[in-house]
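A.B. asks: Contents are compact mmCIF, C-alpha atoms and all ligand atoms; file name data.txt:
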```
# COMPACT_ATOMS: atom_id res chain seq x y z
CA MET A 1 -6.18 7.50 -11.59
CA ILE A 2 -8.67 4.64 -11.39
CA LYS A 3 -11.85 5.22 -9.37
CA VAL A 4 -12.77 2.30 -7.11
CA LEU A 5 -15.68 3.96 -5.32
CA GLU A 6 -18.12 6.73 -6.17
CA VAL A 7 -20.19 8.28 -3.39
CA LYS A 8 -22.86 10.39 -5.06
CA ASN A 9 -25.08 12.84 -3.16
CA ILE A 10 -25.70 10.57 -0.19
CA THR A 11 -28.33 11.76 2.27
CA LYS A 12 -29.46 9.73 5.26
CA ILE A 13 -32.46 10.83 7.28
CA TYR A 14 -33.38 8.95 10.44
CA LYS A 15 -36.92 9.01 11.76
CA ILE A 16 -36.91 9.65 15.49
CA TYR A 17 -39.95 8.42 17.43
CA LYS A 18 -40.62 9.25 21.10
CA SER A 19 -41.74 5.65 21.67
CA ASN A 20 -42.44 2.39 19.84
CA PHE A 21 -46.11 3.12 20.40
CA ASP A 22 -45.76 6.30 18.25
CA ARG A 23 -44.13 4.15 15.57
CA LEU A 24 -47.15 1.82 15.58
CA LYS A 25 -49.62 4.73 15.64
CA GLU A 26 -47.93 6.16 12.54
CA ILE A 27 -48.38 2.89 10.64
CA PHE A 28 -52.06 2.56 11.52
CA THR A 29 -53.25 6.19 11.55
CA LYS A 30 -51.07 7.39 8.62
CA LYS A 31 -50.40 10.54 10.73
CA ILE A 32 -46.81 11.72 11.30
CA TYR A 33 -45.52 10.85 14.78
CA HIS A 34 -41.79 11.25 14.13
CA LYS A 35 -39.16 13.96 13.83
CA GLU A 36 -36.55 13.76 11.09
CA PHE A 37 -32.82 13.84 11.80
CA ILE A 38 -30.37 14.37 8.94
CA SER A 39 -27.31 12.26 9.69
CA ASN A 40 -25.62 12.65 6.28
CA ASN A 41 -26.45 15.59 4.06
CA ASN A 42 -25.66 15.34 0.33
CA ILE A 43 -22.20 13.77 0.67
CA SER A 44 -20.17 13.16 -2.47
CA PHE A 45 -16.60 11.99 -2.97
CA ASP A 46 -14.59 9.49 -5.01
CA LEU A 47 -11.99 7.01 -3.82
CA TYR A 48 -9.08 6.05 -6.05
CA GLU A 49 -7.02 2.87 -6.43
CA GLY A 50 -4.26 2.69 -3.79
CA GLU A 51 -5.56 5.76 -1.95
CA THR A 52 -6.06 6.01 1.81
CA LEU A 53 -8.84 8.40 2.67
CA GLY A 54 -9.39 9.53 6.27
CA ILE A 55 -12.72 10.75 7.62
CA ILE A 56 -12.78 12.94 10.73
CA GLY A 57 -15.40 14.86 12.64
CA VAL A 58 -16.67 15.32 16.18
CA ASN A 59 -18.95 12.71 17.81
CA GLY A 60 -22.21 12.50 15.88
CA ALA A 61 -20.82 14.16 12.71
CA GLY A 62 -22.03 11.23 10.59
CA LYS A 63 -18.79 9.29 10.05
CA SER A 64 -20.05 5.82 11.01
CA THR A 65 -23.29 6.29 9.09
CA ILE A 66 -21.52 7.07 5.79
CA LEU A 67 -19.23 4.05 6.31
CA LYS A 68 -22.24 1.79 6.95
CA ILE A 69 -23.87 3.09 3.76
CA ILE A 70 -20.69 2.45 1.72
CA ALA A 71 -20.41 -1.04 3.22
CA GLY A 72 -24.05 -1.74 2.32
CA VAL A 73 -25.12 -2.29 5.94
CA THR A 74 -27.51 0.70 5.89
CA GLU A 75 -29.54 2.08 2.97
CA PRO A 76 -29.25 5.79 2.18
CA THR A 77 -32.43 7.88 2.03
CA SER A 78 -31.22 9.23 -1.32
CA GLY A 79 -28.09 9.15 -3.43
CA GLU A 80 -26.03 6.39 -4.93
CA ILE A 81 -22.93 4.31 -4.12
CA ILE A 82 -21.02 2.81 -7.05
CA ARG A 83 -18.48 0.17 -5.98
CA HIS A 84 -15.88 -1.06 -8.48
CA GLY A 85 -14.56 -3.94 -6.37
CA ARG A 86 -14.98 -5.99 -3.21
CA VAL A 87 -15.66 -3.86 -0.11
CA THR A 88 -14.71 -5.24 3.30
CA ALA A 89 -15.62 -3.23 6.36
CA LEU A 90 -14.48 -3.41 9.97
CA LEU A 91 -17.31 -1.51 11.59
CA GLU A 92 -18.80 -2.26 15.00
CA LEU A 93 -16.82 -4.99 16.69
CA GLY A 94 -18.47 -8.38 16.78
CA THR A 95 -20.75 -7.85 13.77
CA GLY A 96 -20.58 -10.92 11.59
CA PHE A 97 -19.49 -13.19 14.45
CA ASN A 98 -21.57 -15.92 16.06
CA GLU A 99 -20.69 -15.75 19.77
CA GLN A 100 -21.45 -19.46 20.35
CA LEU A 101 -19.10 -20.69 17.61
CA SER A 102 -15.32 -21.00 17.93
CA GLY A 103 -12.91 -18.48 16.42
CA TYR A 104 -12.01 -21.10 13.78
CA GLU A 105 -15.66 -21.67 12.79
CA ASN A 106 -16.17 -17.91 12.67
CA ILE A 107 -13.38 -17.57 10.09
CA PHE A 108 -15.68 -19.49 7.73
CA LEU A 109 -18.88 -17.71 8.82
CA ASN A 110 -17.45 -14.18 8.77
CA GLY A 111 -15.30 -14.90 5.71
CA THR A 112 -18.30 -15.95 3.61
CA LEU A 113 -20.30 -12.97 4.90
CA ILE A 114 -17.66 -10.60 3.52
CA GLY A 115 -17.53 -12.36 0.17
CA MET A 116 -14.88 -15.11 0.48
CA THR A 117 -15.63 -18.57 -0.89
CA GLN A 118 -15.38 -21.63 1.40
CA LYS A 119 -12.27 -22.64 -0.59
CA GLU A 120 -10.66 -19.23 0.02
CA CYS A 121 -11.50 -19.46 3.75
CA LYS A 122 -9.89 -22.90 3.95
CA GLU A 123 -6.77 -21.75 2.09
CA LYS A 124 -6.35 -18.61 4.20
CA ALA A 125 -7.41 -20.03 7.62
CA GLN A 126 -3.87 -20.73 8.86
CA ASP A 127 -2.58 -17.31 7.75
CA ILE A 128 -5.55 -15.68 9.50
CA ILE A 129 -4.86 -17.62 12.73
CA ASP A 130 -1.14 -16.77 12.57
CA PHE A 131 -1.79 -13.08 11.94
CA SER A 132 -4.34 -12.88 14.77
CA GLU A 133 -1.83 -14.45 17.23
CA LEU A 134 -4.80 -16.05 19.02
CA GLY A 135 -2.98 -19.40 19.40
CA SER A 136 -5.11 -22.09 21.03
CA TYR A 137 -7.89 -19.56 21.78
CA ILE A 138 -8.93 -20.02 18.14
CA ASP A 139 -10.81 -23.19 19.22
CA GLU A 140 -12.67 -21.41 22.05
CA PRO A 141 -16.12 -19.82 21.51
CA ILE A 142 -16.07 -16.10 20.63
CA LEU A 143 -18.13 -15.27 23.76
CA THR A 144 -15.00 -15.97 25.83
CA TYR A 145 -12.98 -13.39 23.83
CA SER A 146 -12.06 -9.91 25.02
CA SER A 147 -12.88 -7.00 22.67
CA GLY A 148 -9.17 -6.85 21.74
CA MET A 149 -9.21 -10.55 20.76
CA LYS A 150 -12.36 -10.07 18.66
CA MET A 151 -10.69 -7.15 16.91
CA ARG A 152 -7.61 -9.28 16.17
CA LEU A 153 -9.72 -11.98 14.54
CA ALA A 154 -11.97 -9.55 12.66
CA PHE A 155 -8.98 -7.58 11.31
CA SER A 156 -7.12 -10.76 10.30
CA ILE A 157 -10.11 -12.17 8.37
CA ALA A 158 -10.77 -8.80 6.73
CA ILE A 159 -7.18 -8.23 5.60
CA TYR A 160 -6.91 -11.78 4.15
CA SER A 161 -10.20 -11.43 2.25
CA GLN A 162 -8.22 -9.40 -0.34
CA PRO A 163 -10.66 -6.49 -0.59
CA GLN A 164 -10.24 -3.78 -3.19
CA ILE A 165 -11.71 -1.30 -0.70
CA PHE A 166 -11.04 -1.74 3.02
CA ILE A 167 -13.09 0.29 5.50
CA VAL A 168 -11.80 0.64 9.07
CA ASP A 169 -13.86 2.43 11.75
CA GLU A 170 -11.79 3.11 14.88
CA ALA A 171 -11.06 -0.65 15.11
CA LEU A 172 -7.33 -0.17 15.47
CA SER A 173 -7.83 1.69 18.74
CA VAL A 174 -9.23 -1.42 20.46
CA GLY A 175 -6.16 -3.67 20.45
CA ASP A 176 -2.82 -3.25 22.19
CA ALA A 177 0.08 -1.18 20.84
CA HIS A 178 1.87 -4.22 19.36
CA PHE A 179 -1.15 -5.40 17.35
CA GLY A 180 -2.05 -1.82 16.37
CA ALA A 181 1.43 -1.36 14.87
CA LYS A 182 1.12 -4.72 13.09
CA CYS A 183 -2.25 -3.70 11.57
CA THR A 184 -0.83 -0.34 10.45
CA LYS A 185 2.09 -2.16 8.77
CA ALA A 186 -0.29 -4.62 7.06
CA LEU A 187 -2.44 -1.74 5.80
CA ARG A 188 0.61 0.02 4.38
CA GLU A 189 1.72 -3.16 2.59
CA LYS A 190 -1.77 -3.67 1.12
CA LYS A 191 -1.80 -0.03 0.04
CA LYS A 192 1.40 -0.68 -1.92
CA GLN A 193 -0.49 -3.52 -3.65
CA ASN A 194 -3.12 -0.92 -4.65
CA MET A 195 -5.76 -1.61 -1.99
CA SER A 196 -7.83 1.49 -1.23
CA ILE A 197 -8.64 2.31 2.38
CA ILE A 198 -11.22 4.47 4.13
CA TYR A 199 -10.11 5.10 7.68
CA VAL A 200 -12.11 6.73 10.47
CA SER A 201 -10.26 7.61 13.63
CA HIS A 202 -9.99 10.20 16.37
CA ASP A 203 -6.23 9.51 16.47
CA LEU A 204 -5.00 12.49 14.45
CA ASN A 205 -1.38 11.34 14.36
CA SER A 206 -2.26 7.97 12.79
CA LEU A 207 -4.46 9.78 10.25
CA LYS A 208 -1.55 12.01 9.26
CA LEU A 209 0.67 8.95 8.95
CA LEU A 210 -1.70 6.76 6.92
CA CYS A 211 -3.87 9.06 4.82
CA ASP A 212 -3.31 10.68 1.44
CA ARG A 213 -6.45 12.78 1.81
CA VAL A 214 -8.83 13.60 4.66
CA ILE A 215 -12.51 14.60 4.66
CA LEU A 216 -13.88 16.63 7.57
CA LEU A 217 -17.55 16.00 8.32
CA ASN A 218 -19.49 18.53 10.36
CA GLN A 219 -23.16 18.02 11.25
CA GLY A 220 -23.53 15.49 8.45
CA SER A 221 -21.99 17.60 5.66
CA VAL A 222 -18.52 17.79 4.12
CA GLU A 223 -16.86 20.83 5.74
CA ASN A 224 -13.42 20.45 4.18
CA GLU A 225 -11.47 17.94 2.07
CA GLY A 226 -7.81 17.69 1.06
CA ASP A 227 -4.31 17.56 2.50
CA PRO A 228 -4.39 15.74 5.90
CA GLU A 229 -2.46 18.41 7.79
CA VAL A 230 -4.62 21.28 6.52
CA VAL A 231 -7.90 19.44 7.17
CA ILE A 232 -6.79 18.31 10.65
CA ASN A 233 -5.89 21.92 11.52
CA ASN A 234 -9.35 22.90 10.33
CA TYR A 235 -10.81 20.19 12.61
CA ASN A 236 -8.90 21.60 15.61
CA PHE A 237 -10.29 25.04 14.77
CA LEU A 238 -13.79 23.55 14.68
CA ILE A 239 -13.31 21.96 18.13
CA SER A 240 -12.02 25.29 19.53
CA LYS A 241 -15.12 26.99 18.14
CA LEU A 242 -17.39 24.38 19.73
CA ASN A 243 -15.73 25.15 23.09
CA ASP A 244 -16.01 28.90 22.52
CA ALA A 245 -19.31 29.90 24.15
CA ASP A 246 -18.78 33.65 23.48
CA GLU A 247 -18.08 33.05 19.76
CA LYS A 248 -14.91 35.13 19.85
CA ILE A 249 -12.68 32.72 17.93
CA SER A 250 -11.89 33.44 14.28
CA MET A 251 -9.33 32.54 11.64
CA LYS A 252 -6.72 35.19 10.92
CA ASP A 253 -7.30 36.59 7.39
CA ASP A 254 -8.86 33.23 6.51
CA CYS A 255 -5.39 31.78 7.04
CA LYS A 256 -5.95 28.12 7.98
CA ASN A 257 -2.81 27.88 10.16
CA SER A 258 -3.75 30.70 12.53
CA PHE A 259 -6.83 31.14 14.69
CA GLY A 260 -7.99 32.37 18.08
CA THR A 261 -9.60 35.31 19.86
CA PHE A 262 -6.35 37.35 19.42
CA ASP A 263 -6.61 38.83 22.94
CA VAL A 264 -2.94 37.89 23.00
CA GLU A 265 -1.05 37.35 19.75
CA ILE A 266 2.03 35.43 18.71
CA ILE A 267 4.22 37.92 16.85
CA LYS A 268 7.21 35.72 16.04
CA VAL A 269 8.67 32.29 16.85
CA ASN A 270 12.37 31.68 16.57
CA ILE A 271 14.78 28.83 17.37
CA ILE A 272 18.52 29.18 17.71
CA GLY A 273 21.26 26.65 18.58
CA GLU A 274 23.74 27.77 21.26
CA ASP A 275 26.79 26.57 19.31
CA SER A 276 25.54 26.80 15.72
CA ASN A 277 24.00 30.26 16.27
CA SER A 278 21.45 29.30 13.60
CA ASN A 279 18.38 27.14 13.06
CA VAL A 280 20.53 24.23 11.82
CA ILE A 281 21.24 22.52 15.11
CA SER A 282 23.03 19.33 16.17
CA SER A 283 21.12 16.66 18.06
CA GLY A 284 21.98 17.12 21.74
CA GLU A 285 22.93 20.80 21.34
CA GLU A 286 21.34 23.36 23.68
CA ALA A 287 18.79 25.42 21.79
CA THR A 288 16.36 28.18 22.68
CA ILE A 289 12.87 28.59 21.26
CA GLU A 290 11.65 32.16 21.67
CA ILE A 291 7.99 33.09 21.33
CA GLU A 292 7.40 36.81 21.03
CA ILE A 293 3.89 37.77 22.09
CA LYS A 294 1.79 40.91 22.35
CA SER A 295 -0.98 41.21 24.88
CA ASN A 296 -3.92 43.34 23.80
CA LYS A 297 -5.53 43.29 27.26
CA ASP A 298 -4.79 42.43 30.90
CA ILE A 299 -4.83 38.64 31.20
CA SER A 300 -3.87 36.38 34.09
CA ASN A 301 -2.82 32.73 33.98
CA MET A 302 -1.93 32.65 30.29
CA THR A 303 -0.44 29.39 28.97
CA VAL A 304 2.28 29.49 26.32
CA GLY A 305 2.74 26.16 24.54
CA ILE A 306 4.91 24.67 21.81
CA MET A 307 4.72 21.55 19.64
CA ILE A 308 7.64 20.23 17.59
CA ARG A 309 6.55 18.20 14.54
CA ASP A 310 8.59 16.15 12.09
CA LYS A 311 8.36 16.26 8.29
CA PHE A 312 5.39 13.83 8.37
CA ALA A 313 3.57 16.30 10.70
CA GLN A 314 3.82 13.75 13.53
CA ASP A 315 3.93 15.24 17.02
CA ILE A 316 7.46 14.77 18.39
CA PHE A 317 7.40 16.85 21.55
CA GLY A 318 4.97 19.31 23.01
CA THR A 319 4.78 21.09 26.33
CA ASN A 320 3.50 24.29 27.84
CA THR A 321 3.90 26.65 30.77
CA TYR A 322 0.76 25.17 32.45
CA TYR A 323 2.44 21.73 32.68
CA HIS A 324 5.47 23.47 34.20
CA ASN A 325 3.33 25.35 36.78
CA LEU A 326 4.55 28.69 35.47
CA ASN A 327 2.05 31.50 36.11
CA ILE A 328 2.07 34.13 33.37
CA ASP A 329 0.15 37.37 33.94
CA LEU A 330 0.11 39.87 31.07
CA LYS A 331 -0.52 43.63 30.97
CA ALA A 332 -2.48 45.24 28.12
CA ASN A 333 -0.53 46.59 25.11
CA THR A 334 2.73 45.03 26.23
CA TYR A 335 5.21 42.75 24.44
CA TYR A 336 6.78 39.67 26.07
CA THR A 337 9.23 36.95 25.09
CA CYS A 338 8.71 33.44 26.41
CA SER A 339 11.81 31.23 26.10
CA TYR A 340 12.13 27.46 26.15
CA LYS A 341 15.74 26.39 26.62
CA MET A 342 16.55 22.70 26.19
CA ALA A 343 18.97 20.15 24.78
CA LEU A 344 17.49 19.05 21.45
CA ASN A 345 17.76 15.29 21.96
CA ILE A 346 15.87 14.42 18.79
CA GLY A 347 16.88 12.58 15.62
CA ILE A 348 18.36 14.04 12.46
CA GLY A 349 15.73 15.60 10.18
CA LYS A 350 13.58 18.60 9.40
CA TYR A 351 11.06 19.91 11.94
CA SER A 352 8.46 22.62 12.40
CA ILE A 353 7.35 24.46 15.54
CA THR A 354 3.74 25.28 16.29
CA ALA A 355 2.99 27.71 19.12
CA ALA A 356 -0.20 28.41 21.05
CA LEU A 357 -1.54 30.85 23.66
CA HIS A 358 -4.51 29.69 25.71
CA SER A 359 -5.82 29.10 29.22
CA SER A 360 -5.23 25.84 31.16
CA ASP A 361 -3.69 22.83 29.38
CA THR A 362 -4.94 22.82 25.76
CA HIS A 363 -5.52 25.25 22.89
CA LEU A 364 -8.80 23.45 22.15
CA LYS A 365 -10.40 25.50 24.96
CA ASP A 366 -10.15 29.31 25.34
CA CYS A 367 -7.63 29.74 22.56
CA SER A 368 -6.12 33.24 22.23
CA HIS A 369 -3.85 32.35 19.34
CA TRP A 370 -2.77 29.10 17.72
CA LEU A 371 -0.12 29.41 15.04
CA ASP A 372 0.70 26.24 13.12
CA ASN A 373 4.11 25.92 11.41
CA ALA A 374 5.31 29.17 12.98
CA THR A 375 8.93 28.35 12.09
CA ASN A 376 11.17 25.52 10.84
CA PHE A 377 14.53 24.12 11.83
CA GLU A 378 16.83 21.25 10.97
CA VAL A 379 18.73 18.79 13.14
CA ALA A 380 21.97 17.87 11.38
CA GLY A 381 24.75 15.92 13.10
CA ILE A 382 24.89 14.57 16.64
CA VAL A 383 26.69 15.77 19.75
CA GLY A 384 27.97 12.71 21.68
CA GLU A 385 27.23 9.05 20.99
CA HIS A 386 25.45 8.11 17.77
CA PHE A 387 21.83 6.87 17.81
CA VAL A 388 19.02 6.18 15.37
CA GLY A 389 15.31 6.96 15.67
CA LEU A 390 13.22 9.90 16.85
CA CYS A 391 14.84 10.69 20.19
CA ASN A 392 17.96 10.10 22.23
CA LEU A 393 17.00 8.61 25.61
CA HIS A 394 20.60 8.66 26.90
CA PRO A 395 20.67 5.13 28.32
CA LYS A 396 23.15 4.06 30.97
CA ILE A 397 24.34 0.75 29.57
CA SER A 398 26.01 -2.08 31.47
CA CYS A 399 26.79 -5.72 30.79
CA THR A 400 27.59 -8.00 33.69
CA GLU A 401 28.48 -11.67 33.90
CA VAL A 402 25.69 -13.85 35.31
CA VAL A 403 27.02 -16.32 37.84
CA GLN A 404 25.26 -19.65 37.12
N1 LIG B 1 -30.27 4.25 14.00
C1 LIG B 1 -30.28 5.56 14.25
N2 LIG B 1 -31.44 6.19 14.56
C2 LIG B 1 -31.45 7.52 14.81
N3 LIG B 1 -30.35 8.32 14.77
C3 LIG B 1 -29.18 7.75 14.48
C4 LIG B 1 -29.07 6.34 14.21
N4 LIG B 1 -27.76 6.05 13.94
C5 LIG B 1 -27.09 7.24 14.04
N5 LIG B 1 -27.94 8.23 14.36
C6 LIG B 1 -27.57 9.65 14.56
O1 LIG B 1 -26.88 10.12 13.41
C7 LIG B 1 -25.83 11.00 13.79
C8 LIG B 1 -24.54 10.54 13.20
O2 LIG B 1 -24.16 9.33 13.83
P1 LIG B 1 -22.80 8.61 13.50
O3 LIG B 1 -22.71 7.39 14.36
O4 LIG B 1 -22.69 8.41 12.02
O5 LIG B 1 -21.73 9.71 13.97
P2 LIG B 1 -20.15 9.56 14.13
O6 LIG B 1 -19.56 10.75 13.46
O7 LIG B 1 -19.69 8.23 13.66
O8 LIG B 1 -19.98 9.69 15.70
P3 LIG B 1 -18.91 8.99 16.69
O9 LIG B 1 -17.59 9.70 16.48
O10 LIG B 1 -19.50 9.29 18.03
O11 LIG B 1 -18.87 7.54 16.37
C9 LIG B 1 -25.82 11.04 15.33
O12 LIG B 1 -26.46 12.20 15.76
C10 LIG B 1 -26.60 9.81 15.71
O13 LIG B 1 -27.28 10.01 16.94
```
As structure tokens, what does this structure read like?
C.D. replies:
Amino acid sequence: MIKVLEVKNITKIYKIYKSNFDRLKEIFTKKIYHKEFISNNNISFDLYEGETLGIIGVNGAGKSTILKIIAGVTEPTSGEIIRHGRVTALLELGTGFNEQLSGYENIFLNGTLIGMTQKECKEKAQDIIDFSELGSYIDEPILTYSSGMKMRLAFSIAIYSQPQIFIVDEALSVGDAHFGAKCTKALREKKKQNMSIIYVSHDLNSLKLLCDRVILLNQGSVENEGDPEVVINNYNFLISKLNDADEKISMKDDCKNSFGTFDVEIIKVNIIGEDSNSNVISSGEEATIEIEIKSNKDISNMTVGIMIRDKFAQDIFGTNTYYHNLNIDLKANTYYTCSYKMALNIGIGKYSITAALHSSDTHLKDCSHWLDNATNFEVAGIVGEHFVGLCNLHPKISCTEVVQ
């Protein structure tokens, strides 16, 4: 594997002053008037050719700062970045644009800023305009653009600058669904041509879809690194812990797919098709998901939730008893079975079921037990009319003659 980027022991310390006056006093009196804040603490990782690396973490974890350091926008306090190729970064929207100039003129300004020659800009201008779908707006000044339009232009210039390393910070969340899907497709094509990508997002599904590896940052340090699904589960655990004022949440036997307070526990999760009598079920067949739970204390208003995920760990369908206004009160030292009965109108493929016990709507608050990949099942064959894709929406189709 060829390394395209080496991030070596990067630390970034910001000096926080109470006022600008304190900043001035420090210069002239040589006394310390600031506090130090460590934004990135001794971060090291490598990026390889053709690899997509995701970075996640709660607000303030240090994601944007490390990207700015890699892009060369901010200097680290210590450590070293070794780049083996052109780095293009989509960081804060609007950086590198002159608001007074037209979109067309900004292709040349922004393009040269990110390392393209004037000749390259000229050659690529039409492709950039076409990809951005800005049409005649390209001749209007940038100050008339919406943030979505700025993102379209910035992404189009960046992707046509042929970077070896492409850094994207949340930018894809700005545009509409159509352009977001187009950007994702373009990134995947570039990845096939060996472009390396560093991608920061709070959209966990898109991270699972795009990334080969994910790094979890926590308070400026690397908390975990590796397989996207494992690291994202670890991130969810971290969020639950942040919401857990009484510090009761723990991981079960250090098992990364199971955590909670264990006031109530998931004992077993099972799925069975009504006709197949097994966990190989036809699309459209009635199936029952059973969650066996044990309550270790008296609890009222417990929520029991499920999430069905496909083989790429993408969320396919999730719901819970809270959304269905079902009140569940549990007695101590008692076993219960919660059943979800439904027609499995999902596409052919392999799936997993995750189950969770918590209060209110999400397991990220007051989580009693969250069990990832509790069981698996397969959808093979279809009951009724054929379809392709993730789900069967059972359309009522008609075709009528239009009288002209
Ligand atoms: N110029 C600065 N001066 C002082 N502190 C800063 C500066 N820039 C960032 N910080 C601090 O460094 C920490 C990390 O910030 P950063 O923007 O990298 O976090 P993040 O993980 O990208 O957060 P978010 O998800 O909210 O974008 C934060 O606590 C932030 O307040």
A.B. asks: Can you tell me which residues surround region 54-62 of chain A at a distance of at most 6 Å, considering all atoms listed in the file, apart from same-chain residues fewer than 2 positions away, and format the answer as a ChimeraX atom specification?
C.D. replies: /A:39-40,64-65,198-200,211,214-220
A.B. asks: Restricting the calculation to all atoms listed in the file: of A:His34, A:Lys311, A:Lys208, A:His84, which residue gets closest to ligand LIG 1 (chain B)?
C.D. replies: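 Distance minimum relative to ligand LIG 1 (chain B) lands on A:His34.
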A.B. asks: Find, counting only C-alpha atoms, the residue in A:Ile107, A:Cys367, A:Leu53, A:Cys121 that gets nearest to Lys150 (chain A).
C.D. replies: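 For Lys150 (chain A), the nearest of the candidates is A:Ile107.
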A.B. asks: Quick one: of A:Thr261, A:Ser240, A:Asn41, A:Gln100, who's nearest to ligand LIG 1 (chain B), counting all atoms listed in the file?
C.D. replies: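 Between A:Thr261, A:Ser240, A:Asn41, A:Gln100, the residue approaching ligand LIG 1 (chain B) most closely is A:Asn41.
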A.B. asks: Report as a list in words all protein, DNA and RNA residues lying within 12 Å of Ala313 (chain A), evaluated on only C-alpha atoms, omitting residues in the same chain fewer than 6 positions from it.
C.D. replies: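 In the requested form, the answer reads Leu204, Asn205, Ser206, Leu207, Lys208, Leu209, Leu210, Cys211, Asp227, Pro228, Glu229, Val230, Ile232, Asn233, Met307, Lys350, Tyr351, Ser352, Ile353, Thr354, Asp372, Asn373 and Asn376 of chain A.
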A.B. asks: A:Asn296, A:Asn392, A:Thr11, A:Thr184: which is nearest Lys331 (chain A), counting only C-alpha atoms?
C.D. replies: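 Among the listed residues, A:Asn296 lies closest to Lys331 (chain A).
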A.B. asks: Show me, as a list in words, the residues that have an atom within 10 Å of Ile157 (chain A) when counting all atoms listed in the file, minus same-chain residues fewer than 6 positions from it.
C.D. replies: Thr88, Leu90, Asn106, Ile107, Phe108, Asn110, Gly111, Ile114, Met116, Cys121, Lys124, Ala125, Asp127, Ile128, Ile129, Phe131, Ser132 and Met151 of chain A
A.B. asks: Counting all atoms listed in the file, figure out which residue out of A:Lys190, A:Lys35, A:His324, A:Lys3 gets nearest to ligand LIG 1 (chain B).
C.D. replies: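 Residue with the minimum atom-to-atom distance to ligand LIG 1 (chain B): A:Lys35.
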A.B. asks: Using only C-alpha atoms, pick whichever of A:Leu134, A:Met1, A:Val264, A:Ile272 has the shortest atom-to-atom distance to Met342 (chain A).
C.D. replies: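 Using only C-alpha atoms, the shortest distance to Met342 (chain A) belongs to A:Ile272.
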A.B. asks: Please provide as a PyMOL selection string all residues within 9 Å of Ala71 (chain A), with the sequence filter that same-chain residues fewer than 6 positions apart are discarded (counting all atoms listed in the file).
C.D. replies: chain A and resi 87-89+91+167
A.B. asks: What does the structure give for the distance between CA of Tyr48 (chain A) and CA of Ile69 (chain A), in Å to one decimal?
C.D. replies: 18.0 Å
A.B. asks: Would you mind reading off the distance between CA of Glu286 (chain A) and CA of His358 (chain A), one decimal, in Å?
C.D. replies: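 Here the two named atoms are 26.7 Å from each other.
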A.B. asks: Separation of CA of Ile81 (chain A) and CA of Ser44 (chain A), in Å?
C.D. replies: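 According to the coordinates, CA of Ile81 (chain A) and CA of Ser44 (chain A) are separated by 9.4 Å.
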A.B. asks: Skip Gln162 (chain A) itself and residues of its chain fewer than 2 positions away, then list as a VMD selection string all residues within 9 Å of it, counting all atoms listed in the file.
C.D. replies: chain A and resid 86 88 116 158 to 160 164 to 166 190 195
A.B. asks: Export, as a PDB file, keeping the file's coordinate frame, the selected residues with C-alpha atoms.
C.D. replies:
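selection-v3.pdb, written as the output of this step:
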```
ATOM      1  CA  ARG A  86     -14.980  -5.990  -3.210  1.00  0.00           C
ATOM      2  CA  THR A  88     -14.710  -5.240   3.300  1.00  0.00           C
ATOM      3  CA  MET A 116     -14.880 -15.110   0.480  1.00  0.00           C
ATOM      4  CA  ALA A 158     -10.770  -8.800   6.730  1.00  0.00           C
ATOM      5  CA  ILE A 159      -7.180  -8.230   5.600  1.00  0.00           C
ATOM      6  CA  TYR A 160      -6.910 -11.780   4.150  1.00  0.00           C
ATOM      7  CA  GLN A 164     -10.240  -3.780  -3.190  1.00  0.00           C
ATOM      8  CA  ILE A 165     -11.710  -1.300  -0.700  1.00  0.00           C
ATOM      9  CA  PHE A 166     -11.040  -1.740   3.020  1.00  0.00           C
ATOM     10  CA  LYS A 190      -1.770  -3.670   1.120  1.00  0.00           C
ATOM     11  CA  MET A 195      -5.760  -1.610  -1.990  1.00  0.00           C
TER      12      MET A 195
END
```
